[in-house]
Structures are given as C-alpha cells and as structure tokens.
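Undergrad: This is the structure I want to talk about, given as structure tokens.
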Amino acid sequence: MAGYFDGDGNIGISDVSNRPYKISLSVVFIDQPIDQIANVRDFLRNNGVKTRNTLKTSKGTANIVVVGGFESVKKILKAMLPYLCKKENEVKAVIDYFEDRITGNELMTILQQEVEAGRRERRPHQVALNVPYTRSRGLALMKANRKARLRDAFGRFRSKVTPEDFARIREEHFEQGKQQTDLMSKYPQYSKETIRRVLGRDRGYVGVKGVGRVDTTDITLRDALRAHHRAEEWC
C-alpha cells in the first residue's frame with residue numbers, strides 16, 4: 001500500500017475548512033481502473049481504516065478513494081511511513097503536525113519544499129493558508145471561539161427568561177413544591193415549553209436575558225449567572 005501511495009497517492013489539503021485554526025488533511029489514492037480503486041478501498045476498510053466511497057476525479061479521467069478523519073489518516077500514514085520513499089518527508093511532516101511537534105504553517109513550508117524538490121505535485125490553493133498553531137492548540141481555539149459565538153447569538157436572539165424569574169421559578173418548584181401548572185398560571189408571560197426548560201426538562205437549557213444559554217439540568221442551581229458559569233466549567 002505504501003508503494004501504491006508513493007506512485008498514485010497524495011495528501012489532500014482543504015483550502016477553506018477550519019481556517020485559521022487547523023489544517024484538514026486527507027489521504028487520496030488515484031487510479032483509472034475502478035476495480036483497482038475498489039480493491040484499495042476494501043483493503044483499507046478490512047484493516048480498520050474508514051474511507052469514503054469511490055469517486056471520479058474532477059476531470060472524470062480517473063477514480064479516487066479518500067481517507068478522511070483525523071484518526072484514520074493518522075493510522076494509515078504511520079503504518080505506511082517505514083516503507084515510503086518519495087513521499088516520506090511529507091508524511092513525516094503530517095504526523096509531526098498531528099502530534100503537535102510543528103505548527104500548520106511549518107507543515108505548509110515543508111510541503112512547499114517537497115513541491116520544489118519535485119517529490120510532490122504542485123496544487124494551487126484557492127485561498128492563502130495561514131495556520132500559526134499546532135493542531136491541538138488550533139482545535140482548542142476553534143472550539144472556544146465557536147462556543148463564544150453560539151453563546152452570544154443565543155443570548156441575543158433566543159433569550160426567554162429574566163434572571164430574576166429564572167431563580168424564582170426554580171426555587172418555587174424545587175424548594176416550595178409548586179407544580180408546573182401552578183408556575184404556568186403565575187408566570188403567563190412564559191410558554192409551557194419555557195417553564196419546562198427552566199425546570200431542566202425536555203432539552204435541559206434555556207435562554208436567559210443578559211446571560212445567554214444556561215444549562216438547567218442541575219436542580220441545585222437557582223441563580224442564572226451561577227448556572228451559566230457552572231455550565232461553562234462542564235464544557
């Protein structure tokens with residue numbers, strides 16, 4: 001398989017996915033006969049490597065099978081590395097990036113050097129790639145930024161309950177024993193679904209004005225701001 005990859009394979013790079021935090025990489029096998037590519041796909045799958053279905057290239061002159069996903073790409077590259085010749089340097093660089101020894105920009109520099117040395121095919125990118133982080137650091141930043149954007153959007157557009165009502169509704173239910181129907185009568189400005197969410201039922205979260213999304217599954221939490229911070233700690 002390593003020899004096949006040296007001759008008719010490449011490491012694919014996504015131009016737009018996850019910028020500027022991390023680089024999305026895949027392993028691609030190419031051949032004209034569909035039966036040969038199907039054999040490659042079946043061999044990989046039988047050895048625990050997930051692949052996509054066989055596809056035609058953009059020009060329709062050959063068939064490809066792609067290995068995507070971090071664990072599968074890492075697994076196949078580490079297995080092939082001892083037997084590679086032409087693509088040894090770029091595979092080593094990808095593994096170094098996967099294991100946080102180099103940044104995304106350092107990986108791109110090595111791949112460009114392999115292009116200039118004639119060992120990697122030149123593939124123009126639609127956009128400039130600037131990824132100054134190791135993979136784990138970039139992934140952590142990407143997740144943190146995504147959570148912040150979701151929280152801000154939820155706070156602006158999905159807020160349903162004031163912090164004061166949030167605390168009162170939970171206290172009246174969990175400490176005073178008031179039922180949902182009683183709370184719906186006392187707080188008619190809120191729907192049945194909103195009351196249920198405040199009590200930690202159904203989806204187990206609610207939008208609180210000025211706070212954002214609050215996890216309500218912990219019945220000991222009455223204060224919305226405190227609940228919000230606890231939810232962030234769990235994340």
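Ligands are numbered from 1 in the order shown, chains are lettered A, B, ... in the order of the structure tokens, and residues start at 1 in each chain.
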Set the distance at 8 Å and use only C-alpha atoms: which residues neighbour range 115-120 of chain A once local chain neighbours fewer than 6 positions away are removed? I'd like the list as a list of chain:residue names.
TA: A:Asn10, A:Lys86, A:Lys87
Undergrad: Determine, counting only C-alpha atoms, which protein, DNA and RNA residues have an atom within 9 Å of an atom of Ile76 in chain A; residues of the same chain fewer than 6 positions away are not included. Present the result as a ChimeraX atom specification.
TA: /A:27,44,49,67
Undergrad: Write out as a list in words the set of residues from range 32-234 of chain A that DSSP, computed on the backbone, places in strand (DSSP E).
TA: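 Output for range 32-234 of chain A, strand (DSSP E) only: Leu55, Lys56, Asn63, Ile64, Val65, Val66, Val67, Tyr205, Val206, Gly207, Val208, Gly212, Arg213, Val214 and Asp215 of chain A.
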Undergrad: Report, in Å with one decimal, the straight-line distance from CA of Gln36 in chain A to CA of Leu81 in chain A.
TA: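 Straight-line distance from CA of Gln36 in chain A to CA of Leu81 in chain A works out to 22.0 Å.
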Undergrad: If we count only C-alpha atoms, what is near range 183-186 of chain A at a cut-off of 10 Å, once residues fewer than 5 positions away on the same chain are taken out, given as a list in words?
TA: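 Neighbouring residues, sequence-local ones excluded: Arg168, Ile169, Arg170, Glu172, His173, Lys178, Ser191, Lys192, Glu193, Thr194, Ile195 and Arg196 of chain A.
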Undergrad: Excluding same-chain residues fewer than 4 positions from Ala140 in chain A, what lies within 12 Å of it counting only C-alpha atoms, as number ranges by chain?
TA: A: 18, 21-22, 133-136, 144-147, 235
Undergrad: Which residues are near Phe29 in chain A? Cut-off 6 Å, only C-alpha atoms, ignore same chain within fewer than 6 positions. Put them as a ChimeraX atom specification.
TA: /A:9,64-65
Undergrad: Can you tell me which residues surround Thr162 in chain A at a distance of at most 9 Å, considering only C-alpha atoms, apart from same-chain residues fewer than 2 positions away, and format the answer as a PyMOL selection string?
TA: chain A and resi 159-160+164-167+207-210+224
Undergrad: Go ahead and dump the residues you just picked, N, CA and C atoms, as a PDB file, in the first residue's frame.
TA:
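Saved to part30.pdb:
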ATOM      1  N   SER A 159     -33.070  34.616  23.961  1.00  0.00           N
ATOM      2  CA  SER A 159     -33.337  34.853  25.377  1.00  0.00           C
ATOM      3  C   SER A 159     -34.829  34.806  25.640  1.00  0.00           C
ATOM      4  N   LYS A 160     -35.213  34.089  26.700  1.00  0.00           N
ATOM      5  CA  LYS A 160     -36.623  33.913  27.014  1.00  0.00           C
ATOM      6  C   LYS A 160     -36.989  34.396  28.418  1.00  0.00           C
ATOM      7  N   GLU A 164     -34.102  37.055  37.248  1.00  0.00           N
ATOM      8  CA  GLU A 164     -34.906  37.031  38.466  1.00  0.00           C
ATOM      9  C   GLU A 164     -35.998  35.959  38.394  1.00  0.00           C
ATOM     10  N   ASP A 165     -36.686  35.886  37.242  1.00  0.00           N
ATOM     11  CA  ASP A 165     -37.730  34.877  37.085  1.00  0.00           C
ATOM     12  C   ASP A 165     -37.137  33.474  37.058  1.00  0.00           C
ATOM     13  N   PHE A 166     -35.966  33.348  36.435  1.00  0.00           N
ATOM     14  CA  PHE A 166     -35.286  32.053  36.407  1.00  0.00           C
ATOM     15  C   PHE A 166     -35.080  31.530  37.830  1.00  0.00           C
ATOM     16  N   ALA A 167     -34.537  32.389  38.701  1.00  0.00           N
ATOM     17  CA  ALA A 167     -34.259  31.967  40.080  1.00  0.00           C
ATOM     18  C   ALA A 167     -35.549  31.682  40.842  1.00  0.00           C
ATOM     19  N   GLY A 207     -32.669  30.090  27.452  1.00  0.00           N
ATOM     20  CA  GLY A 207     -32.006  31.364  27.229  1.00  0.00           C
ATOM     21  C   GLY A 207     -32.400  32.357  28.309  1.00  0.00           C
ATOM     22  N   VAL A 208     -31.387  32.961  28.932  1.00  0.00           N
ATOM     23  CA  VAL A 208     -31.621  33.935  29.999  1.00  0.00           C
ATOM     24  C   VAL A 208     -31.103  35.288  29.536  1.00  0.00           C
ATOM     25  N   LYS A 209     -31.933  36.307  29.663  1.00  0.00           N
ATOM     26  CA  LYS A 209     -31.569  37.642  29.190  1.00  0.00           C
ATOM     27  C   LYS A 209     -30.334  38.147  29.923  1.00  0.00           C
ATOM     28  N   GLY A 210     -29.383  38.661  29.118  1.00  0.00           N
ATOM     29  CA  GLY A 210     -28.163  39.199  29.681  1.00  0.00           C
ATOM     30  C   GLY A 210     -27.128  38.157  30.032  1.00  0.00           C
ATOM     31  N   ALA A 224     -29.177  32.207  37.774  1.00  0.00           N
ATOM     32  CA  ALA A 224     -28.883  32.001  36.349  1.00  0.00           C
ATOM     33  C   ALA A 224     -27.421  32.237  36.034  1.00  0.00           C
TER      34      ALA A 224
END
Undergrad: Neighbours of range 202-206 of chain A within 6 Å (only C-alpha atoms; same-chain residues fewer than 2 positions away dropped), as a ChimeraX atom specification?
TA: /A:197,200,213-217
Undergrad: Taking the backbone alone, and naming residues the way the document does, which bits of range 10-228 of chain A are helix (DSSP H, G or I) by DSSP, as a PyMOL selection string?
TA: chain A and resi 34-46+70-83+88-98+104-116+135-157+163-174+180-186+192-198+224-228
Undergrad: When you draw a straight line from CA of Asn53 in chain A to CA of Ile11 in chain A, how long is it in Å?
TA: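 Calculated distance between CA of Asn53 in chain A and CA of Ile11 in chain A is 17.1 Å.
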Undergrad: Quick one, how far is CA of Arg19 in chain A from CA of Asn130 in chain A?
TA: 7.6 Å
Undergrad: My list of candidates is A:Met142, A:Lys74, A:Gly68, A:Val161. Which is closest to Pro20 in chain A when distances are computed with only C-alpha atoms?
TA: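 For Pro20 in chain A, the nearest of the candidates is A:Met142.
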